[in-house]
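Asker: Let me begin by handing over the structure; questions about it come next.
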Amino acid sequence: MRIRSDVEVANISDVGCERTGNEDYFLYHEPDDDAEFEHRGRLVLVADGMGGRNGGEVASHLAAEVIRDVYLRAGNGDNGGADPRGADPRSVLIEAFQQAHQAILSMANTEMELRGMGTTCCAAIFKNGLMYYAHIGDSRIYLIRNGEAVPLTEDHSLVARMVRDGILTPEQARNHDNRNVLTAALGVDSDSVAGDFPIDPQELITGDIIAMCTDGLHGLVSDEEIALTTSHQSMREACKELVGRAKVRGGPDNITVQLLRVEQVQK
């Protein structure tokens, strides 16, 4: 797959130190054709599945496939050709999350061993110097600029809600017994998706780094460490170092990180 020189991209998904299977999944896609790329932009995604047996792995893979398919179909005219105006990326992400949610629910309802499966998901479409993004669960998107990692997402988790309500401090939340309890995920509970789809995209400048990661990373590696690790080396080496830090600290969960550095803003 072609990766254009306006970005530097790297990604790693590691099983961690205690799990035998990997329920995380990442996806990166940009069309090879220049006209198609101008029409769609590039898609970046990280997901963290959950469910009995192989349910988590199935859910994260299925979500990524459905979201990619919606992204690839969006804006096509009645004759199958691309609409030159392009599709609104935010609308694409909303529709993609909804279809992924329904696909997971449908599969879980027809295959007994997959009952209860679901997945977190962070996804972004990069187009014309802007990042449109969507999020559900406790995987995260960070903007790293001027050596500081700023979370662009708020975790959909019980402890995050308790922190927002002033019941817990961030320090207490990190070690709370219920820190892995989610309040929203694709494929869980309702017919609609309780995700976040910011109206305003993030404007990007040269040198910005976008980090997407599952809680297997951000649960063990601080925001400050993420910023420091990504700011002074290649994205590939930064991915390796971040995963290594999480594993040195026990790595009880799968660990996934995807990094994208803006080398040149495309307008």
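Residues in the structure tokens are numbered from 1 in each chain, the chains being A, B, ... in the order shown, and ligands are numbered from 1 in the order shown.
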Can you write out as JSON lines which residues of range 94-150 of chain A fall within 12 Å of range 227-251 of chain A, alongside each residue's closest atom pair and its distance in Å to one decimal, counting only C-alpha atoms and ordering rows by chain and ascending residue number?
Answerer:
{"residue": "A:Tyr142", "atom": "CA", "partner": "A:Ala227", "partner_atom": "CA", "distance": 9.1}
{"residue": "A:Leu143", "atom": "CA", "partner": "A:Ala227", "partner_atom": "CA", "distance": 9.1}
{"residue": "A:Ile144", "atom": "CA", "partner": "A:Ala227", "partner_atom": "CA", "distance": 6.1}
{"residue": "A:Arg145", "atom": "CA", "partner": "A:Ala227", "partner_atom": "CA", "distance": 8.2}
{"residue": "A:Asn146", "atom": "CA", "partner": "A:Ser231", "partner_atom": "CA", "distance": 8.4}
{"residue": "A:Gly147", "atom": "CA", "partner": "A:Ala227", "partner_atom": "CA", "distance": 5.6}
{"residue": "A:Glu148", "atom": "CA", "partner": "A:Ala227", "partner_atom": "CA", "distance": 5.4}
{"residue": "A:Ala149", "atom": "CA", "partner": "A:Ala227", "partner_atom": "CA", "distance": 5.0}
{"residue": "A:Val150", "atom": "CA", "partner": "A:Ala227", "partner_atom": "CA", "distance": 8.8}
Asker: Quick one: residues within 7 Å of range 201-216 of chain A, only C-alpha atoms, excluding same-chain residues fewer than 6 positions away - as a PDB file with C-alpha atoms, in the first residue's frame?
Answerer:
ATOM      1  CA  VAL A  46      -7.501   1.486  16.393  1.00  0.00           C
ATOM      2  CA  ASP A  48      -9.836  -2.997  21.298  1.00  0.00           C
ATOM      3  CA  GLY A 129      -5.013  19.492   6.484  1.00  0.00           C
ATOM      4  CA  LEU A 130      -7.835  18.544   8.842  1.00  0.00           C
ATOM      5  CA  MET A 131      -8.481  15.496  11.009  1.00  0.00           C
ATOM      6  CA  TYR A 132     -12.086  14.422  11.444  1.00  0.00           C
ATOM      7  CA  ASP A 138     -11.516   3.825  26.257  1.00  0.00           C
ATOM      8  CA  SER A 139      -9.063   3.749  23.376  1.00  0.00           C
ATOM      9  CA  ARG A 140      -7.635   7.232  22.879  1.00  0.00           C
ATOM     10  CA  ILE A 141      -6.517   9.810  20.331  1.00  0.00           C
ATOM     11  CA  TYR A 142      -3.772  12.260  21.322  1.00  0.00           C
ATOM     12  CA  LEU A 143      -2.535  15.371  19.569  1.00  0.00           C
ATOM     13  CA  ILE A 144       1.166  15.815  20.294  1.00  0.00           C
ATOM     14  CA  ARG A 145       2.349  19.347  19.584  1.00  0.00           C
ATOM     15  CA  GLY A 251       1.818  -5.649  30.013  1.00  0.00           C
ATOM     16  CA  ASP A 253      -3.373  -6.446  28.313  1.00  0.00           C
ATOM     17  CA  ASN A 254      -2.858  -6.313  24.558  1.00  0.00           C
ATOM     18  CA  ILE A 255      -0.948  -3.168  23.530  1.00  0.00           C
ATOM     19  CA  THR A 256      -1.638  -1.275  20.331  1.00  0.00           C
ATOM     20  CA  VAL A 257      -0.354   2.105  19.163  1.00  0.00           C
ATOM     21  CA  GLN A 258      -0.531   3.857  15.807  1.00  0.00           C
ATOM     22  CA  LEU A 259       1.415   7.066  15.180  1.00  0.00           C
ATOM     23  CA  LEU A 260       1.150   9.584  12.360  1.00  0.00           C
ATOM     24  CA  ARG A 261       3.465  12.591  12.059  1.00  0.00           C
ATOM     25  CA  VAL A 262       2.535  15.428   9.702  1.00  0.00           C
ATOM     26  CA  GLU A 263       5.533  16.140   7.503  1.00  0.00           C
ATOM     27  CA  GLN A 264       3.699  18.584   5.245  1.00  0.00           C
ATOM     28  CA  VAL A 265       0.163  19.926   5.496  1.00  0.00           C
TER      29      VAL A 265
END
Asker: Expressed in Å to a single decimal, how great is the separation between CA of Asp88 in chain A and CA of Ala134 in chain A?
Answerer: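 CA of Ala134 in chain A lies 13.3 Å from CA of Asp88 in chain A.
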Asker: Could you tell me which of A:Tyr25, A:Phe37, A:Tyr71, A:Phe126 comes closest to Leu93 in chain A if we count only C-alpha atoms?
Answerer: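 That would be A:Tyr71, the residue with the smallest distance to Leu93 in chain A.
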Asker: Mind listing the alpha helix (DSSP H) residues of range 62-144 of chain A, per DSSP on the backbone, as a PDB file with N, CA, C and O atoms, in the first residue's frame?
Answerer:
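Here's the written file result.pdb:
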ATOM      1  N   LEU A  62     -14.128  -6.986  12.726  1.00  0.00           N
ATOM      2  CA  LEU A  62     -15.352  -6.692  12.000  1.00  0.00           C
ATOM      3  C   LEU A  62     -15.605  -5.186  11.964  1.00  0.00           C
ATOM      4  O   LEU A  62     -15.968  -4.633  10.912  1.00  0.00           O
ATOM      5  N   ALA A  63     -15.410  -4.513  13.096  1.00  0.00           N
ATOM      6  CA  ALA A  63     -15.596  -3.062  13.128  1.00  0.00           C
ATOM      7  C   ALA A  63     -14.680  -2.372  12.131  1.00  0.00           C
ATOM      8  O   ALA A  63     -15.111  -1.487  11.375  1.00  0.00           O
ATOM      9  N   ALA A  64     -13.415  -2.762  12.100  1.00  0.00           N
ATOM     10  CA  ALA A  64     -12.456  -2.138  11.186  1.00  0.00           C
ATOM     11  C   ALA A  64     -12.851  -2.377   9.728  1.00  0.00           C
ATOM     12  O   ALA A  64     -12.788  -1.455   8.899  1.00  0.00           O
ATOM     13  N   GLU A  65     -13.278  -3.585   9.404  1.00  0.00           N
ATOM     14  CA  GLU A  65     -13.655  -3.906   8.025  1.00  0.00           C
ATOM     15  C   GLU A  65     -14.876  -3.099   7.588  1.00  0.00           C
ATOM     16  O   GLU A  65     -14.918  -2.568   6.471  1.00  0.00           O
ATOM     17  N   VAL A  66     -15.871  -2.997   8.459  1.00  0.00           N
ATOM     18  CA  VAL A  66     -17.089  -2.270   8.098  1.00  0.00           C
ATOM     19  C   VAL A  66     -16.798  -0.781   7.944  1.00  0.00           C
ATOM     20  O   VAL A  66     -17.253  -0.132   6.993  1.00  0.00           O
ATOM     21  N   ILE A  67     -16.022  -0.224   8.872  1.00  0.00           N
ATOM     22  CA  ILE A  67     -15.690   1.202   8.801  1.00  0.00           C
ATOM     23  C   ILE A  67     -14.898   1.497   7.532  1.00  0.00           C
ATOM     24  O   ILE A  67     -15.160   2.487   6.836  1.00  0.00           O
ATOM     25  N   ARG A  68     -13.945   0.641   7.193  1.00  0.00           N
ATOM     26  CA  ARG A  68     -13.185   0.825   5.955  1.00  0.00           C
ATOM     27  C   ARG A  68     -14.097   0.751   4.742  1.00  0.00           C
ATOM     28  O   ARG A  68     -13.980   1.557   3.802  1.00  0.00           O
ATOM     29  N   ASP A  69     -15.043  -0.203   4.734  1.00  0.00           N
ATOM     30  CA  ASP A  69     -15.925  -0.361   3.581  1.00  0.00           C
ATOM     31  C   ASP A  69     -16.829   0.857   3.402  1.00  0.00           C
ATOM     32  O   ASP A  69     -17.056   1.312   2.273  1.00  0.00           O
ATOM     33  N   VAL A  70     -17.338   1.398   4.498  1.00  0.00           N
ATOM     34  CA  VAL A  70     -18.174   2.596   4.411  1.00  0.00           C
ATOM     35  C   VAL A  70     -17.353   3.773   3.885  1.00  0.00           C
ATOM     36  O   VAL A  70     -17.798   4.538   3.022  1.00  0.00           O
ATOM     37  N   TYR A  71     -16.144   3.913   4.394  1.00  0.00           N
ATOM     38  CA  TYR A  71     -15.234   4.975   3.935  1.00  0.00           C
ATOM     39  C   TYR A  71     -14.957   4.856   2.439  1.00  0.00           C
ATOM     40  O   TYR A  71     -14.929   5.850   1.705  1.00  0.00           O
ATOM     41  N   LEU A  72     -14.775   3.618   1.938  1.00  0.00           N
ATOM     42  CA  LEU A  72     -14.461   3.406   0.524  1.00  0.00           C
ATOM     43  C   LEU A  72     -15.672   3.604  -0.391  1.00  0.00           C
ATOM     44  O   LEU A  72     -15.509   3.908  -1.572  1.00  0.00           O
ATOM     45  N   ARG A  73     -16.872   3.442   0.156  1.00  0.00           N
ATOM     46  CA  ARG A  73     -18.078   3.617  -0.648  1.00  0.00           C
ATOM     47  C   ARG A  73     -18.619   5.042  -0.593  1.00  0.00           C
ATOM     48  O   ARG A  73     -19.387   5.453  -1.469  1.00  0.00           O
ATOM     49  N   PRO A  89     -16.487  13.996   5.791  1.00  0.00           N
ATOM     50  CA  PRO A  89     -15.829  12.963   6.593  1.00  0.00           C
ATOM     51  C   PRO A  89     -16.536  12.669   7.920  1.00  0.00           C
ATOM     52  O   PRO A  89     -16.592  11.511   8.343  1.00  0.00           O
ATOM     53  N   ARG A  90     -17.067  13.698   8.566  1.00  0.00           N
ATOM     54  CA  ARG A  90     -17.771  13.451   9.834  1.00  0.00           C
ATOM     55  C   ARG A  90     -18.992  12.563   9.604  1.00  0.00           C
ATOM     56  O   ARG A  90     -19.238  11.619  10.374  1.00  0.00           O
ATOM     57  N   SER A  91     -19.744  12.848   8.559  1.00  0.00           N
ATOM     58  CA  SER A  91     -20.914  12.023   8.248  1.00  0.00           C
ATOM     59  C   SER A  91     -20.506  10.597   7.903  1.00  0.00           C
ATOM     60  O   SER A  91     -21.205   9.638   8.257  1.00  0.00           O
ATOM     61  N   VAL A  92     -19.385  10.462   7.227  1.00  0.00           N
ATOM     62  CA  VAL A  92     -18.875   9.133   6.900  1.00  0.00           C
ATOM     63  C   VAL A  92     -18.576   8.348   8.175  1.00  0.00           C
ATOM     64  O   VAL A  92     -18.944   7.175   8.311  1.00  0.00           O
ATOM     65  N   LEU A  93     -17.927   8.997   9.131  1.00  0.00           N
ATOM     66  CA  LEU A  93     -17.578   8.310  10.376  1.00  0.00           C
ATOM     67  C   LEU A  93     -18.819   7.940  11.181  1.00  0.00           C
ATOM     68  O   LEU A  93     -18.885   6.848  11.770  1.00  0.00           O
ATOM     69  N   ILE A  94     -19.801   8.830  11.229  1.00  0.00           N
ATOM     70  CA  ILE A  94     -21.035   8.515  11.951  1.00  0.00           C
ATOM     71  C   ILE A  94     -21.714   7.295  11.340  1.00  0.00           C
ATOM     72  O   ILE A  94     -22.119   6.363  12.045  1.00  0.00           O
ATOM     73  N   GLU A  95     -21.847   7.299  10.015  1.00  0.00           N
ATOM     74  CA  GLU A  95     -22.472   6.170   9.333  1.00  0.00           C
ATOM     75  C   GLU A  95     -21.647   4.895   9.502  1.00  0.00           C
ATOM     76  O   GLU A  95     -22.197   3.800   9.710  1.00  0.00           O
ATOM     77  N   ALA A  96     -20.334   5.019   9.433  1.00  0.00           N
ATOM     78  CA  ALA A  96     -19.458   3.849   9.571  1.00  0.00           C
ATOM     79  C   ALA A  96     -19.566   3.234  10.964  1.00  0.00           C
ATOM     80  O   ALA A  96     -19.638   2.002  11.101  1.00  0.00           O
ATOM     81  N   PHE A  97     -19.589   4.052  11.991  1.00  0.00           N
ATOM     82  CA  PHE A  97     -19.720   3.526  13.354  1.00  0.00           C
ATOM     83  C   PHE A  97     -21.079   2.854  13.536  1.00  0.00           C
ATOM     84  O   PHE A  97     -21.184   1.795  14.178  1.00  0.00           O
ATOM     85  N   GLN A  98     -22.138   3.464  12.997  1.00  0.00           N
ATOM     86  CA  GLN A  98     -23.461   2.877  13.136  1.00  0.00           C
ATOM     87  C   GLN A  98     -23.541   1.524  12.438  1.00  0.00           C
ATOM     88  O   GLN A  98     -24.082   0.553  12.991  1.00  0.00           O
ATOM     89  N   GLN A  99     -22.977   1.437  11.227  1.00  0.00           N
ATOM     90  CA  GLN A  99     -23.010   0.163  10.513  1.00  0.00           C
ATOM     91  C   GLN A  99     -22.149  -0.896  11.202  1.00  0.00           C
ATOM     92  O   GLN A  99     -22.515  -2.077  11.252  1.00  0.00           O
ATOM     93  N   ALA A 100     -21.007  -0.483  11.746  1.00  0.00           N
ATOM     94  CA  ALA A 100     -20.158  -1.426  12.482  1.00  0.00           C
ATOM     95  C   ALA A 100     -20.881  -1.935  13.728  1.00  0.00           C
ATOM     96  O   ALA A 100     -20.841  -3.134  14.050  1.00  0.00           O
ATOM     97  N   HIS A 101     -21.551  -1.036  14.425  1.00  0.00           N
ATOM     98  CA  HIS A 101     -22.325  -1.393  15.620  1.00  0.00           C
ATOM     99  C   HIS A 101     -23.385  -2.444  15.272  1.00  0.00           C
ATOM    100  O   HIS A 101     -23.503  -3.475  15.952  1.00  0.00           O
ATOM    101  N   GLN A 102     -24.127  -2.192  14.210  1.00  0.00           N
ATOM    102  CA  GLN A 102     -25.186  -3.116  13.816  1.00  0.00           C
ATOM    103  C   GLN A 102     -24.623  -4.450  13.336  1.00  0.00           C
ATOM    104  O   GLN A 102     -25.196  -5.517  13.601  1.00  0.00           O
ATOM    105  N   ALA A 103     -23.501  -4.422  12.648  1.00  0.00           N
ATOM    106  CA  ALA A 103     -22.886  -5.669  12.169  1.00  0.00           C
ATOM    107  C   ALA A 103     -22.441  -6.547  13.330  1.00  0.00           C
ATOM    108  O   ALA A 103     -22.612  -7.775  13.302  1.00  0.00           O
ATOM    109  N   ILE A 104     -21.879  -5.929  14.360  1.00  0.00           N
ATOM    110  CA  ILE A 104     -21.444  -6.696  15.540  1.00  0.00           C
ATOM    111  C   ILE A 104     -22.648  -7.267  16.276  1.00  0.00           C
ATOM    112  O   ILE A 104     -22.662  -8.448  16.663  1.00  0.00           O
ATOM    113  N   LEU A 105     -23.689  -6.446  16.463  1.00  0.00           N
ATOM    114  CA  LEU A 105     -24.902  -6.930  17.124  1.00  0.00           C
ATOM    115  C   LEU A 105     -25.509  -8.099  16.357  1.00  0.00           C
ATOM    116  O   LEU A 105     -25.914  -9.108  16.951  1.00  0.00           O
ATOM    117  N   SER A 106     -25.564  -7.965  15.040  1.00  0.00           N
ATOM    118  CA  SER A 106     -26.168  -9.015  14.221  1.00  0.00           C
ATOM    119  C   SER A 106     -25.398 -10.325  14.324  1.00  0.00           C
ATOM    120  O   SER A 106     -25.995 -11.397  14.502  1.00  0.00           O
ATOM    121  N   MET A 107     -24.070 -10.261  14.234  1.00  0.00           N
ATOM    122  CA  MET A 107     -23.271 -11.475  14.329  1.00  0.00           C
ATOM    123  C   MET A 107     -23.375 -12.094  15.716  1.00  0.00           C
ATOM    124  O   MET A 107     -23.474 -13.323  15.859  1.00  0.00           O
ATOM    125  N   ALA A 108     -23.362 -11.254  16.742  1.00  0.00           N
ATOM    126  CA  ALA A 108     -23.457 -11.766  18.110  1.00  0.00           C
ATOM    127  C   ALA A 108     -24.797 -12.438  18.369  1.00  0.00           C
ATOM    128  O   ALA A 108     -24.889 -13.401  19.144  1.00  0.00           O
ATOM    129  N   ASN A 109     -25.849 -11.955  17.717  1.00  0.00           N
ATOM    130  CA  ASN A 109     -27.184 -12.524  17.914  1.00  0.00           C
ATOM    131  C   ASN A 109     -27.385 -13.826  17.153  1.00  0.00           C
ATOM    132  O   ASN A 109     -28.309 -14.588  17.469  1.00  0.00           O
ATOM    133  N   THR A 110     -26.550 -14.086  16.155  1.00  0.00           N
ATOM    134  CA  THR A 110     -26.711 -15.306  15.366  1.00  0.00           C
ATOM    135  C   THR A 110     -25.708 -16.394  15.730  1.00  0.00           C
ATOM    136  O   THR A 110     -25.932 -17.556  15.387  1.00  0.00           O
TER     137      THR A 110
END
Asker: How would you write, as a compact mmCIF listing (two decimals) with N, CA, C and O atoms, in the first residue's frame, the set of residues in range 11-249 of chain A that DSSP gives as strand (DSSP E or B)?
Answerer:
# COMPACT_ATOMS: atom_id res chain seq x y z
N ASN A 11 3.01 1.67 13.24
CA ASN A 11 2.01 1.02 14.07
C ASN A 11 2.52 -0.32 14.60
O ASN A 11 3.29 -1.00 13.92
N ILE A 12 2.07 -0.67 15.78
CA ILE A 12 2.42 -1.96 16.39
C ILE A 12 1.21 -2.44 17.19
O ILE A 12 0.55 -1.64 17.88
N SER A 13 0.94 -3.73 17.12
CA SER A 13 -0.02 -4.37 18.02
C SER A 13 0.66 -5.59 18.63
O SER A 13 1.12 -6.47 17.92
N ASP A 14 0.75 -5.58 19.95
CA ASP A 14 1.49 -6.62 20.68
C ASP A 14 0.53 -7.33 21.64
O ASP A 14 -0.31 -6.70 22.28
N ASP A 24 -6.90 -6.68 20.08
CA ASP A 24 -6.74 -5.35 19.49
C ASP A 24 -6.61 -5.47 17.97
O ASP A 24 -6.27 -6.53 17.43
N TYR A 25 -6.85 -4.34 17.29
CA TYR A 25 -6.68 -4.31 15.84
C TYR A 25 -6.42 -2.88 15.42
O TYR A 25 -6.98 -1.95 15.99
N PHE A 26 -5.57 -2.70 14.42
CA PHE A 26 -5.38 -1.37 13.84
C PHE A 26 -5.53 -1.44 12.34
O PHE A 26 -5.37 -2.51 11.72
N LEU A 27 -5.83 -0.30 11.74
CA LEU A 27 -6.00 -0.23 10.29
C LEU A 27 -5.49 1.12 9.81
O LEU A 27 -5.72 2.15 10.45
N TYR A 28 -4.79 1.09 8.69
CA TYR A 28 -4.38 2.32 8.00
C TYR A 28 -4.68 2.13 6.52
O TYR A 28 -4.34 1.11 5.94
N HIS A 29 -5.33 3.14 5.93
CA HIS A 29 -5.62 3.04 4.50
C HIS A 29 -5.59 4.41 3.85
O HIS A 29 -6.19 5.36 4.34
N ARG A 42 -7.23 9.93 3.98
CA ARG A 42 -6.69 8.69 4.55
C ARG A 42 -7.45 8.33 5.82
O ARG A 42 -7.90 9.20 6.56
N LEU A 43 -7.57 7.03 6.05
CA LEU A 43 -8.30 6.51 7.21
C LEU A 43 -7.33 5.83 8.17
O LEU A 43 -6.51 5.01 7.75
N VAL A 44 -7.44 6.17 9.46
CA VAL A 44 -6.60 5.57 10.51
C VAL A 44 -7.53 5.11 11.63
O VAL A 44 -8.45 5.84 12.02
N LEU A 45 -7.26 3.92 12.17
CA LEU A 45 -8.20 3.32 13.14
C LEU A 45 -7.47 2.43 14.12
O LEU A 45 -6.52 1.74 13.76
N VAL A 46 -7.95 2.42 15.36
CA VAL A 46 -7.50 1.49 16.39
C VAL A 46 -8.73 0.97 17.13
O VAL A 46 -9.65 1.76 17.44
N ALA A 47 -8.77 -0.32 17.41
CA ALA A 47 -9.91 -0.92 18.11
C ALA A 47 -9.41 -1.94 19.13
O ALA A 47 -8.38 -2.59 18.93
N ASP A 48 -10.17 -2.08 20.21
CA ASP A 48 -9.84 -3.00 21.30
C ASP A 48 -11.08 -3.82 21.60
O ASP A 48 -12.04 -3.33 22.19
N GLY A 49 -11.07 -5.10 21.16
CA GLY A 49 -12.25 -5.94 21.30
C GLY A 49 -12.40 -6.56 22.66
O GLY A 49 -11.46 -6.64 23.45
N MET A 50 -13.63 -7.01 22.92
CA MET A 50 -13.92 -7.70 24.18
C MET A 50 -14.99 -8.75 23.91
O MET A 50 -15.79 -8.61 22.99
N ASN A 76 -19.90 7.87 -3.46
CA ASN A 76 -20.04 7.32 -4.80
C ASN A 76 -21.41 7.69 -5.38
O ASN A 76 -22.42 7.64 -4.68
N ALA A 82 -16.94 8.14 -8.16
CA ALA A 82 -16.78 9.03 -7.02
C ALA A 82 -17.39 10.39 -7.31
O ALA A 82 -17.23 10.95 -8.39
N GLY A 118 -17.97 -7.03 21.77
CA GLY A 118 -18.02 -5.62 21.42
C GLY A 118 -16.61 -5.11 21.25
O GLY A 118 -15.63 -5.85 21.39
N THR A 119 -16.49 -3.83 20.95
CA THR A 119 -15.15 -3.26 20.77
C THR A 119 -15.16 -1.75 20.97
O THR A 119 -16.15 -1.08 20.68
N THR A 120 -14.08 -1.25 21.51
CA THR A 120 -13.82 0.19 21.48
C THR A 120 -13.38 0.54 20.06
O THR A 120 -13.03 -0.33 19.27
N CYS A 121 -13.37 1.81 19.74
CA CYS A 121 -12.85 2.21 18.44
C CYS A 121 -12.53 3.70 18.42
O CYS A 121 -13.32 4.53 18.89
N CYS A 122 -11.36 4.02 17.91
CA CYS A 122 -10.99 5.39 17.54
C CYS A 122 -10.71 5.37 16.04
O CYS A 122 -9.99 4.50 15.56
N ALA A 123 -11.28 6.31 15.32
CA ALA A 123 -11.05 6.37 13.88
C ALA A 123 -10.95 7.82 13.46
O ALA A 123 -11.59 8.70 14.03
N ALA A 124 -10.13 8.07 12.44
CA ALA A 124 -9.96 9.43 11.94
C ALA A 124 -9.79 9.41 10.43
O ALA A 124 -9.18 8.49 9.87
N ILE A 125 -10.33 10.44 9.79
CA ILE A 125 -10.10 10.67 8.37
C ILE A 125 -9.30 11.97 8.25
O ILE A 125 -9.71 13.01 8.77
N PHE A 126 -8.15 11.88 7.60
CA PHE A 126 -7.27 13.03 7.39
C PHE A 126 -7.48 13.53 5.97
O PHE A 126 -7.27 12.80 5.00
N LYS A 127 -7.89 14.80 5.85
CA LYS A 127 -8.20 15.34 4.52
C LYS A 127 -8.01 16.85 4.52
O LYS A 127 -8.53 17.55 5.39
N LEU A 130 -6.93 18.68 7.70
CA LEU A 130 -7.84 18.54 8.84
C LEU A 130 -7.96 17.08 9.24
O LEU A 130 -7.85 16.18 8.40
N MET A 131 -8.20 16.84 10.52
CA MET A 131 -8.48 15.50 11.01
C MET A 131 -9.89 15.46 11.59
O MET A 131 -10.19 16.14 12.56
N TYR A 132 -10.73 14.67 10.95
CA TYR A 132 -12.09 14.42 11.44
C TYR A 132 -12.02 13.11 12.22
O TYR A 132 -11.50 12.12 11.70
N TYR A 133 -12.57 13.08 13.41
CA TYR A 133 -12.38 11.87 14.20
C TYR A 133 -13.64 11.46 14.96
O TYR A 133 -14.56 12.26 15.17
N ALA A 134 -13.64 10.19 15.36
CA ALA A 134 -14.75 9.59 16.09
C ALA A 134 -14.18 8.64 17.13
O ALA A 134 -13.06 8.13 16.97
N HIS A 135 -14.99 8.37 18.16
CA HIS A 135 -14.43 7.63 19.30
C HIS A 135 -15.55 7.01 20.11
O HIS A 135 -16.61 7.61 20.32
N ILE A 136 -15.33 5.77 20.55
CA ILE A 136 -16.21 5.13 21.51
C ILE A 136 -15.38 4.17 22.35
O ILE A 136 -14.49 3.48 21.84
N ARG A 140 -7.81 5.78 22.88
CA ARG A 140 -7.63 7.23 22.88
C ARG A 140 -6.97 7.75 21.62
O ARG A 140 -6.22 7.04 20.95
N ILE A 141 -7.23 9.05 21.35
CA ILE A 141 -6.52 9.81 20.33
C ILE A 141 -5.84 10.98 21.03
O ILE A 141 -6.49 11.73 21.78
N TYR A 142 -4.54 11.13 20.79
CA TYR A 142 -3.77 12.26 21.32
C TYR A 142 -3.28 13.13 20.17
O TYR A 142 -2.89 12.62 19.11
N LEU A 143 -3.26 14.44 20.41
CA LEU A 143 -2.53 15.37 19.57
C LEU A 143 -1.26 15.75 20.30
O LEU A 143 -1.32 16.26 21.43
N ILE A 144 -0.13 15.48 19.68
CA ILE A 144 1.17 15.81 20.29
C ILE A 144 1.75 16.99 19.52
O ILE A 144 2.04 16.89 18.32
N ARG A 145 1.88 18.11 20.21
CA ARG A 145 2.35 19.35 19.58
C ARG A 145 3.22 20.09 20.59
O ARG A 145 2.85 20.21 21.76
N GLU A 148 3.91 18.32 23.96
CA GLU A 148 2.83 18.04 24.91
C GLU A 148 1.80 17.14 24.24
O GLU A 148 1.39 17.38 23.10
N ALA A 149 1.37 16.08 24.96
CA ALA A 149 0.34 15.17 24.46
C ALA A 149 -1.01 15.58 25.04
O ALA A 149 -1.21 15.51 26.26
N VAL A 150 -1.91 16.00 24.19
CA VAL A 150 -3.23 16.45 24.62
C VAL A 150 -4.26 15.41 24.18
O VAL A 150 -4.43 15.17 22.98
N PRO A 151 -4.99 14.78 25.12
CA PRO A 151 -6.04 13.84 24.71
C PRO A 151 -7.17 14.57 23.99
O PRO A 151 -7.69 15.57 24.50
N SER A 157 -15.84 5.27 30.17
CA SER A 157 -15.61 4.25 31.19
C SER A 157 -16.19 4.72 32.51
O SER A 157 -16.43 5.92 32.72
N LEU A 182 -16.44 -0.39 30.84
CA LEU A 182 -16.82 0.59 29.84
C LEU A 182 -18.28 1.00 29.99
O LEU A 182 -19.12 0.20 30.43
N LEU A 186 -18.89 -0.31 20.65
CA LEU A 186 -19.59 -0.81 19.48
C LEU A 186 -20.08 -2.23 19.74
O LEU A 186 -19.34 -3.08 20.24
N ASP A 196 -18.64 9.59 20.32
CA ASP A 196 -18.37 11.02 20.17
C ASP A 196 -17.92 11.30 18.75
O ASP A 196 -17.00 10.66 18.23
N GLN A 202 -9.99 18.73 13.78
CA GLN A 202 -8.75 19.25 14.31
C GLN A 202 -7.88 19.75 13.17
O GLN A 202 -7.53 18.99 12.26
N GLU A 203 -7.53 21.04 13.19
CA GLU A 203 -6.62 21.56 12.17
C GLU A 203 -5.20 21.15 12.51
O GLU A 203 -4.77 21.23 13.67
N ILE A 209 1.90 15.34 15.73
CA ILE A 209 1.86 13.89 15.80
C ILE A 209 0.51 13.48 16.36
O ILE A 209 0.05 14.03 17.37
N ILE A 210 -0.14 12.56 15.69
CA ILE A 210 -1.38 11.98 16.20
C ILE A 210 -1.06 10.57 16.69
O ILE A 210 -0.46 9.77 15.97
N ALA A 211 -1.42 10.30 17.93
CA ALA A 211 -1.23 8.98 18.51
C ALA A 211 -2.59 8.37 18.83
O ALA A 211 -3.42 9.00 19.49
N MET A 212 -2.82 7.18 18.34
CA MET A 212 -3.99 6.39 18.71
C MET A 212 -3.51 5.17 19.47
O MET A 212 -2.55 4.50 19.04
N CYS A 213 -4.17 4.85 20.58
CA CYS A 213 -3.71 3.70 21.35
C CYS A 213 -4.84 3.09 22.16
O CYS A 213 -5.83 3.76 22.48
Asker: Considering only C-alpha atoms, return as a count of residues only whatever protein or nucleic-acid residues lie within 8 Å of Arg115 in chain A, sequence-local ones (same chain, fewer than 3 positions apart) excluded.
Answerer: 7
Asker: I need the residue nearest Gln266 in chain A from this list: A:Gly166, A:Asn128, A:Glu30, A:Gly56. Use only C-alpha atoms for the distance.
Answerer: A:Asn128
Asker: Using only C-alpha atoms, which residue out of A:Pro170, A:Gly116, A:Gly195, A:Gly219 lies closest to Val58 in chain A?
Answerer: A:Gly116
Asker: Could you jot down the CA of Phe197 in chain A to CA of Leu152 in chain A separation for me, Å, one decimal place?
Answerer: 11.1 Å
Asker: Excluding Asn54 in chain A and any residue of its chain fewer than 4 positions from it, enumerate the residues within 9 Å of it, using only C-alpha atoms, and give them as a VMD selection string.
Answerer: chain A and resid 21 23 50 58 to 59 113 to 114 117
Asker: Write the residues of the selection above to a file with C-alpha atoms, as a PDB file, in the first residue's frame.
Answerer:
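Output saved as result23.pdb:
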ATOM      1  CA  GLY A  21      -4.516 -13.896  22.023  1.00  0.00           C
ATOM      2  CA  GLU A  23      -8.147  -8.723  20.635  1.00  0.00           C
ATOM      3  CA  MET A  50     -13.915  -7.697  24.183  1.00  0.00           C
ATOM      4  CA  VAL A  58     -13.909 -10.934  15.893  1.00  0.00           C
ATOM      5  CA  ALA A  59     -15.527  -7.685  17.028  1.00  0.00           C
ATOM      6  CA  GLU A 113     -20.274 -18.234  21.167  1.00  0.00           C
ATOM      7  CA  LEU A 114     -19.982 -14.548  20.199  1.00  0.00           C
ATOM      8  CA  MET A 117     -18.793  -9.256  22.118  1.00  0.00           C
TER       9      MET A 117
END
Asker: Return the single residue from A:Ile226, A:Asp6, A:Asp189, A:Pro252 that is closest to Thr20 in chain A, with distances computed using only C-alpha atoms.
Answerer: A:Pro252
